[in-house]
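Below is work.cif, holding mmCIF, C-alpha atoms and all ligand atoms.
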data_upload
loop_
_atom_site.label_atom_id
_atom_site.label_comp_id
_atom_site.auth_asym_id
_atom_site.auth_seq_id
_atom_site.Cartn_x
_atom_site.Cartn_y
_atom_site.Cartn_z
CA MET Q 1 27.70 -14.06 -43.61
CA ALA Q 2 24.06 -14.15 -42.53
CA ASN Q 3 21.39 -12.51 -44.63
CA THR Q 4 21.45 -8.87 -43.73
CA GLY Q 5 18.68 -6.33 -43.84
CA LYS Q 6 19.13 -2.60 -44.13
CA ARG Q 7 18.45 -1.56 -40.55
CA PHE Q 8 21.17 1.12 -40.53
CA GLN Q 9 20.38 2.96 -43.76
CA GLY Q 10 21.20 6.64 -43.21
CA LYS Q 11 22.88 5.93 -39.86
CA VAL Q 12 26.41 6.78 -38.79
CA ALA Q 13 28.34 4.31 -36.65
CA ILE Q 14 31.66 4.62 -34.84
CA VAL Q 15 33.31 1.30 -33.91
CA THR Q 16 36.59 1.47 -31.96
CA ALA Q 17 39.43 -1.04 -32.38
CA SER Q 18 37.87 -2.09 -35.64
CA THR Q 19 40.60 -2.91 -38.15
CA GLN Q 20 40.45 -6.64 -37.43
CA GLY Q 21 38.68 -9.24 -35.31
CA ILE Q 22 35.35 -8.57 -33.65
CA GLY Q 23 35.45 -4.80 -34.20
CA PHE Q 24 36.02 -5.22 -37.93
CA GLY Q 25 33.21 -7.80 -38.07
CA ILE Q 26 30.85 -5.36 -36.37
CA ALA Q 27 31.82 -2.49 -38.70
CA GLU Q 28 31.32 -4.73 -41.72
CA ARG Q 29 27.90 -5.90 -40.54
CA LEU Q 30 26.66 -2.37 -39.75
CA GLY Q 31 28.04 -1.21 -43.09
CA LEU Q 32 26.40 -4.01 -45.05
CA GLU Q 33 23.14 -3.00 -43.37
CA GLY Q 34 23.53 0.52 -44.74
CA ALA Q 35 25.49 2.44 -42.09
CA SER Q 36 28.33 4.82 -42.85
CA VAL Q 37 31.00 3.33 -40.61
CA VAL Q 38 33.95 5.05 -38.97
CA ILE Q 39 36.64 2.54 -38.17
CA SER Q 40 39.87 3.06 -36.25
CA SER Q 41 42.81 1.48 -34.49
CA ARG Q 42 46.36 2.38 -33.46
CA ARG Q 43 48.14 1.75 -36.76
CA GLN Q 44 47.56 3.71 -39.97
CA LYS Q 45 48.48 0.71 -42.13
CA ASN Q 46 45.82 -1.45 -40.46
CA VAL Q 47 43.29 1.36 -40.84
CA ASP Q 48 44.04 1.75 -44.56
CA GLU Q 49 43.79 -1.98 -45.23
CA ALA Q 50 40.51 -2.32 -43.35
CA VAL Q 51 38.96 0.66 -45.15
CA GLU Q 52 39.93 -0.91 -48.48
CA LYS Q 53 38.26 -4.19 -47.51
CA LEU Q 54 35.06 -2.44 -46.45
CA LYS Q 55 34.95 -0.28 -49.58
CA ALA Q 56 35.43 -3.41 -51.70
CA ARG Q 57 32.17 -4.67 -50.20
CA GLY Q 58 30.39 -1.46 -51.17
CA ILE Q 59 30.43 0.00 -47.65
CA GLU Q 60 30.75 3.74 -47.00
CA ALA Q 61 33.70 3.90 -44.60
CA LEU Q 62 35.98 6.48 -43.02
CA GLY Q 63 39.20 5.26 -41.37
CA LEU Q 64 41.11 7.14 -38.67
CA VAL Q 65 43.96 6.40 -36.32
CA CYS Q 66 42.65 6.27 -32.75
CA HIS Q 67 44.52 4.77 -29.83
CA VAL Q 68 41.60 4.81 -27.41
CA SER Q 69 43.67 6.02 -24.47
CA ASN Q 70 44.85 9.11 -26.41
CA ALA Q 71 42.57 12.10 -25.69
CA GLN Q 72 43.50 13.91 -28.90
CA HIS Q 73 42.80 10.80 -31.00
CA ARG Q 74 39.36 10.34 -29.38
CA LYS Q 75 38.48 14.01 -29.90
CA SER Q 76 39.56 13.87 -33.52
CA LEU Q 77 37.61 10.62 -34.10
CA VAL Q 78 34.40 12.33 -33.01
CA GLU Q 79 35.15 15.65 -34.76
CA LYS Q 80 36.06 14.07 -38.10
CA THR Q 81 33.01 11.81 -37.97
CA VAL Q 82 30.74 14.78 -37.43
CA GLN Q 83 32.56 16.87 -40.06
CA LYS Q 84 32.07 14.15 -42.66
CA TYR Q 85 28.68 12.66 -41.75
CA GLY Q 86 27.06 15.37 -39.57
CA LYS Q 87 25.91 13.17 -36.67
CA ILE Q 88 26.44 9.94 -34.71
CA ASP Q 89 23.79 7.21 -34.32
CA VAL Q 90 25.79 4.25 -33.02
CA VAL Q 91 28.94 3.97 -30.90
CA VAL Q 92 30.47 0.53 -30.34
CA SER Q 93 33.25 0.64 -27.75
CA ASN Q 94 35.28 -2.46 -28.48
CA ALA Q 95 38.91 -1.81 -27.54
CA ALA Q 96 40.53 -3.81 -24.76
CA ALA Q 97 43.95 -4.83 -23.50
CA ASN Q 98 44.99 -7.94 -21.63
CA PRO Q 99 48.65 -7.22 -20.96
CA SER Q 100 49.43 -9.71 -18.19
CA VAL Q 101 48.76 -13.25 -17.02
CA ASP Q 102 49.86 -12.49 -13.45
CA PRO Q 103 47.57 -13.15 -10.50
CA ILE Q 104 45.84 -9.96 -9.37
CA LEU Q 105 47.91 -9.66 -6.20
CA GLU Q 106 51.09 -9.79 -8.26
CA THR Q 107 49.99 -7.39 -11.00
CA LYS Q 108 52.08 -4.22 -11.22
CA GLU Q 109 50.38 -0.89 -10.60
CA SER Q 110 51.25 0.28 -14.13
CA VAL Q 111 49.43 -2.77 -15.56
CA LEU Q 112 46.41 -2.20 -13.30
CA ASP Q 113 46.31 1.39 -14.57
CA LYS Q 114 46.54 0.29 -18.20
CA LEU Q 115 43.70 -2.23 -17.79
CA TRP Q 116 41.45 0.39 -16.22
CA GLU Q 117 42.47 3.04 -18.74
CA ILE Q 118 41.89 1.06 -21.93
CA ASN Q 119 39.15 -1.35 -20.90
CA VAL Q 120 36.94 1.04 -18.92
CA LYS Q 121 38.01 4.70 -18.77
CA ALA Q 122 38.57 5.18 -22.51
CA SER Q 123 34.95 4.11 -23.20
CA ILE Q 124 33.66 6.72 -20.78
CA LEU Q 125 35.84 9.49 -22.18
CA LEU Q 126 34.93 8.65 -25.77
CA LEU Q 127 31.25 8.79 -24.87
CA GLN Q 128 31.77 12.16 -23.16
CA ASP Q 129 33.10 13.46 -26.49
CA ALA Q 130 30.42 11.73 -28.58
CA ALA Q 131 27.38 12.50 -26.38
CA PRO Q 132 26.61 16.00 -27.76
CA HIS Q 133 26.34 14.50 -31.27
CA LEU Q 134 24.24 11.43 -30.46
CA GLN Q 135 20.84 11.49 -32.13
CA LYS Q 136 17.43 10.71 -30.66
CA GLY Q 137 17.11 6.92 -31.02
CA SER Q 138 20.86 6.40 -30.89
CA SER Q 139 22.55 3.40 -29.39
CA VAL Q 140 25.75 2.60 -27.53
CA ILE Q 141 27.18 -0.92 -27.27
CA LEU Q 142 30.02 -1.84 -24.91
CA ILE Q 143 31.96 -5.02 -25.69
CA SER Q 144 32.56 -6.95 -22.48
CA SER Q 145 33.33 -10.68 -22.19
CA MET Q 146 31.90 -13.77 -20.55
CA ALA Q 147 35.00 -13.39 -18.31
CA ALA Q 148 32.98 -10.56 -16.75
CA TYR Q 149 30.92 -13.22 -14.97
CA GLN Q 150 33.63 -15.77 -14.22
CA PRO Q 151 37.16 -14.36 -14.30
CA GLN Q 152 39.68 -17.03 -15.33
CA ALA Q 153 42.88 -17.31 -13.26
CA SER Q 154 45.20 -16.25 -16.08
CA MET Q 155 43.13 -13.20 -16.98
CA ALA Q 156 41.44 -12.34 -13.72
CA MET Q 157 42.02 -8.60 -13.63
CA TYR Q 158 41.04 -8.31 -17.29
CA GLY Q 159 37.82 -10.12 -16.30
CA VAL Q 160 37.23 -7.63 -13.49
CA THR Q 161 37.49 -4.69 -15.91
CA LYS Q 162 34.92 -6.48 -18.08
CA THR Q 163 32.68 -6.88 -14.99
CA ALA Q 164 32.93 -3.11 -14.57
CA LEU Q 165 31.45 -2.70 -18.05
CA LEU Q 166 28.29 -4.52 -16.96
CA GLY Q 167 27.80 -1.89 -14.25
CA LEU Q 168 28.77 0.89 -16.63
CA THR Q 169 26.09 -0.33 -19.05
CA LYS Q 170 23.40 -0.04 -16.37
CA ALA Q 171 24.65 3.34 -15.14
CA LEU Q 172 24.95 4.88 -18.60
CA ALA Q 173 21.58 3.48 -19.70
CA ALA Q 174 20.01 5.41 -16.82
CA GLU Q 175 22.00 8.53 -17.62
CA MET Q 176 21.59 8.53 -21.41
CA GLY Q 177 17.94 7.48 -21.71
CA PRO Q 178 15.43 8.06 -23.15
CA ASP Q 179 17.18 9.31 -26.29
CA THR Q 180 20.10 6.87 -26.25
CA ARG Q 181 19.99 3.16 -25.37
CA VAL Q 182 23.09 1.56 -23.85
CA ASN Q 183 23.66 -2.19 -24.03
CA CYS Q 184 26.52 -4.63 -23.80
CA VAL Q 185 27.68 -7.77 -25.61
CA ALA Q 186 29.66 -10.42 -23.73
CA PRO Q 187 31.44 -12.61 -26.26
CA GLY Q 188 32.52 -16.16 -25.58
CA ILE Q 189 35.67 -17.40 -27.27
CA VAL Q 190 36.33 -16.19 -30.79
CA PRO Q 191 39.57 -17.22 -32.53
CA THR Q 192 41.02 -13.77 -33.18
CA HIS Q 193 44.54 -12.51 -32.60
CA PHE Q 194 43.43 -11.48 -29.08
CA ALA Q 195 42.38 -15.04 -28.18
CA ASP Q 196 45.38 -16.65 -29.85
CA PHE Q 197 46.59 -18.21 -26.60
CA ILE Q 198 43.30 -20.13 -26.21
CA THR Q 199 42.93 -21.32 -29.76
CA ARG Q 200 46.41 -21.78 -31.17
CA THR Q 201 46.87 -25.55 -30.62
CA GLU Q 202 44.38 -28.13 -31.88
CA GLU Q 203 44.23 -29.67 -28.41
CA ILE Q 204 43.38 -26.48 -26.52
CA ARG Q 205 40.99 -25.49 -29.29
CA LYS Q 206 39.11 -28.78 -29.03
CA ALA Q 207 38.92 -28.57 -25.23
CA THR Q 208 37.53 -25.03 -25.57
CA GLU Q 209 34.96 -26.10 -28.15
CA GLU Q 210 33.80 -28.84 -25.80
CA LYS Q 211 33.08 -26.24 -23.10
CA THR Q 212 30.36 -24.81 -25.34
CA LEU Q 213 26.93 -26.39 -25.75
CA LEU Q 214 27.11 -25.90 -29.53
CA ASN Q 215 30.47 -27.61 -29.94
CA ARG Q 216 32.17 -24.74 -31.73
CA LEU Q 217 33.97 -21.51 -31.07
CA GLY Q 218 32.28 -18.20 -31.77
CA THR Q 219 32.83 -16.23 -34.95
CA THR Q 220 33.24 -12.51 -35.48
CA GLU Q 221 29.98 -12.72 -37.46
CA ASP Q 222 28.19 -14.14 -34.38
CA MET Q 223 29.37 -11.15 -32.34
CA ALA Q 224 28.51 -8.72 -35.12
CA ALA Q 225 24.97 -10.10 -35.45
CA ALA Q 226 24.28 -9.68 -31.73
CA THR Q 227 25.77 -6.19 -31.71
CA ALA Q 228 23.78 -5.16 -34.78
CA PHE Q 229 20.58 -6.42 -33.16
CA LEU Q 230 21.15 -4.38 -29.98
CA ALA Q 231 22.17 -1.32 -31.98
CA SER Q 232 19.11 -1.53 -34.24
CA ASP Q 233 15.49 -0.48 -33.77
CA ASP Q 234 14.68 -4.20 -33.39
CA ALA Q 235 15.98 -3.69 -29.84
CA SER Q 236 14.20 -0.36 -29.32
CA TYR Q 237 12.76 -1.45 -25.94
CA ILE Q 238 16.03 -2.93 -24.65
CA THR Q 239 18.46 -0.83 -22.63
CA GLY Q 240 20.88 -1.50 -19.78
CA GLU Q 241 21.17 -5.16 -20.82
CA THR Q 242 24.03 -7.52 -21.55
CA LEU Q 243 23.69 -10.20 -24.20
CA VAL Q 244 26.00 -13.18 -23.66
CA VAL Q 245 27.06 -14.64 -27.02
CA ALA Q 246 29.09 -17.64 -25.91
CA GLY Q 247 27.54 -20.80 -27.34
CA GLY Q 248 26.22 -21.73 -23.92
CA ILE Q 249 29.51 -21.60 -22.00
CA PRO Q 250 28.40 -21.10 -18.37
CA SER Q 251 28.12 -17.40 -17.53
CA ARG Q 252 25.06 -16.42 -15.49
CA LEU Q 253 21.44 -17.43 -15.00
P1 LIG E 301 41.71 -8.54 -32.05
O1 LIG E 301 41.26 -9.46 -33.13
O2 LIG E 301 43.07 -8.74 -31.48
O3 LIG E 301 41.57 -7.06 -32.64
C1 LIG E 301 41.98 -6.00 -31.91
C2 LIG E 301 41.73 -4.71 -32.71
O4 LIG E 301 41.89 -3.64 -31.81
C3 LIG E 301 42.71 -4.47 -33.82
O5 LIG E 301 42.03 -3.81 -34.87
C4 LIG E 301 43.77 -3.55 -33.19
O6 LIG E 301 44.40 -2.79 -34.23
C5 LIG E 301 42.87 -2.72 -32.28
N1 LIG E 301 43.46 -2.19 -31.04
C6 LIG E 301 44.17 -2.85 -30.11
N2 LIG E 301 44.48 -2.03 -29.09
C7 LIG E 301 43.92 -0.83 -29.37
C8 LIG E 301 43.88 0.44 -28.70
N3 LIG E 301 44.48 0.62 -27.52
N4 LIG E 301 43.20 1.45 -29.28
C9 LIG E 301 42.60 1.28 -30.46
N5 LIG E 301 42.59 0.12 -31.15
C10 LIG E 301 43.26 -0.92 -30.60
O7 LIG E 301 40.72 -8.54 -30.78
P2 LIG E 301 39.23 -9.14 -30.64
O8 LIG E 301 39.32 -10.54 -30.19
O9 LIG E 301 38.42 -8.78 -31.82
O10 LIG E 301 38.72 -8.32 -29.36
C11 LIG E 301 37.82 -7.25 -29.46
C12 LIG E 301 37.03 -7.11 -28.17
O11 LIG E 301 36.35 -8.32 -27.88
C13 LIG E 301 37.85 -6.77 -26.92
O12 LIG E 301 37.14 -5.87 -26.13
C14 LIG E 301 37.94 -8.11 -26.20
O13 LIG E 301 38.10 -7.96 -24.80
C15 LIG E 301 36.57 -8.68 -26.53
N6 LIG E 301 36.50 -10.13 -26.38
C16 LIG E 301 37.16 -10.97 -27.24
C17 LIG E 301 37.04 -12.34 -27.06
C18 LIG E 301 37.70 -13.32 -27.98
O14 LIG E 301 37.64 -14.53 -27.70
N7 LIG E 301 38.32 -12.90 -29.05
C19 LIG E 301 36.27 -12.85 -26.01
C20 LIG E 301 35.63 -11.97 -25.16
C21 LIG E 301 35.73 -10.60 -25.36
P3 LIG E 301 45.84 -2.03 -34.02
O15 LIG E 301 46.83 -3.07 -33.67
O16 LIG E 301 46.08 -1.35 -35.34
O17 LIG E 301 45.59 -1.06 -32.91
#
Representation of the structure as structure tokens:
Amino acid sequence: MANTGKRFQGKVAIVTASTQGIGFGIAERLGLEGASVVISSRRQKNVDEAVEKLKARGIEALGLVCHVSNAQHRKSLVEKTVQKYGKIDVVVSNAAANPSVDPILETKESVLDKLWEINVKASILLLQDAAPHLQKGSSVILISSMAAYQPQASMAMYGVTKTALLGLTKALAAEMGPDTRVNCVAPGIVPTHFADFITRTEEIRKATEEKTLLNRLGTTEDMAAATAFLASDDASYITGETLVVAGGIPSRL
């Protein structure tokens, strides 16, 4: 773990889909920098275990079950955060699904709906609930993907939903300024459960590493550091932007 400052002392941060992987890494980083963090995911057991891990590191943490496409769960996430901590300073919208490897033209309507619902719509609806509680100087981070710029064949529609988040970042930055900044992080490849299919064999892993300019995969800490930067006052003049954190894998100019 990198040296951390205390940029989030007194701040309250909600991170969705945060009981493992990148979301957990972000919650841990914000917490180590002083934030009270509200973590959540679909399964109570995962929530309980993650809260324990954060508390063991001295982090103030509240854990709740929140399947991001469930309206009641989202409402309760915001309400319980405000009940306990009184306000919201940071929202990191991190949940995503990638339920199919079918080509777009062969993807079932129900799968198209699920991709839109979890990867895009749930972020908007959560922010609708959270907006009245966001403080002056608050910050929203959407977690996209480098697939937003170059959708891969096996995950093309997922990539398109991540492209939508780049536009959503711009649109919400215009709508939520000047009090709230809205930015986006586009991770490269990080060996989490989600990316298991890319990293599980040594051969595929090596080929993936070679696509980067730094000859390694990303870590959850890399993603957390970039997210913490954008969420912090160090980025107080940055809004509507996407930071690609992909070790130089080609994305955009
Ligand atoms: P991960 O390690 O598989 O973790 C997923 C987390 O999300 C778990 O805590 C899971 O817990 C929770 N979750 C899953 N579905 C959920 C839902 N519908 N509602 C609420 N929580 C849910 O995934 P990850 O790799 O960290 O991915 C996080 C984000 O990074 C995603 O937006 C993904 O698109 C993006 N990303 C990842 C990579 C990569 O290489 N890993 C690259 C680019 C972008 P439960 O099972 O308890 O719900």
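Remark: for Val90 (chain Q), the closest of the candidate residues Q:Thr4, Q:Thr180, Q:Ser145, Q:Ser139 is Q:Ser139 (distances computed over only C-alpha atoms).
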Selection near region 231-234 of chain Q, 8 Å with all atoms listed in the file, sequence-local residues under 5 positions removed, as a ChimeraX atom specification: /Q:7-8,90,138-141
Ligand LIG 301 (chain E) neighbours within 8 Å using all atoms listed in the file, as a ChimeraX atom specification: /Q:16-24,40-47,65-69,93-98,118-119,143-147,162,186-195,218,220
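Neighbours of Ala71 (chain Q) closer than or equal to 9 Å, with all atoms listed in the file counted and sequence neighbours fewer than 3 positions away skipped, come out as Q:His67, Q:Val68, Q:Arg74, Q:Lys75, Q:Ser76, Q:Ala122, Q:Leu125, Q:Leu126.
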Between CA of Thr81 (chain Q) and CA of His133 (chain Q), distance in Å (one decimal): 9.8 Å
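Closest approach to Lys80 (chain Q) among Q:Glu117, Q:Glu49, Q:Asp129, Q:Asp179: Q:Asp129, based on all atoms listed in the file.
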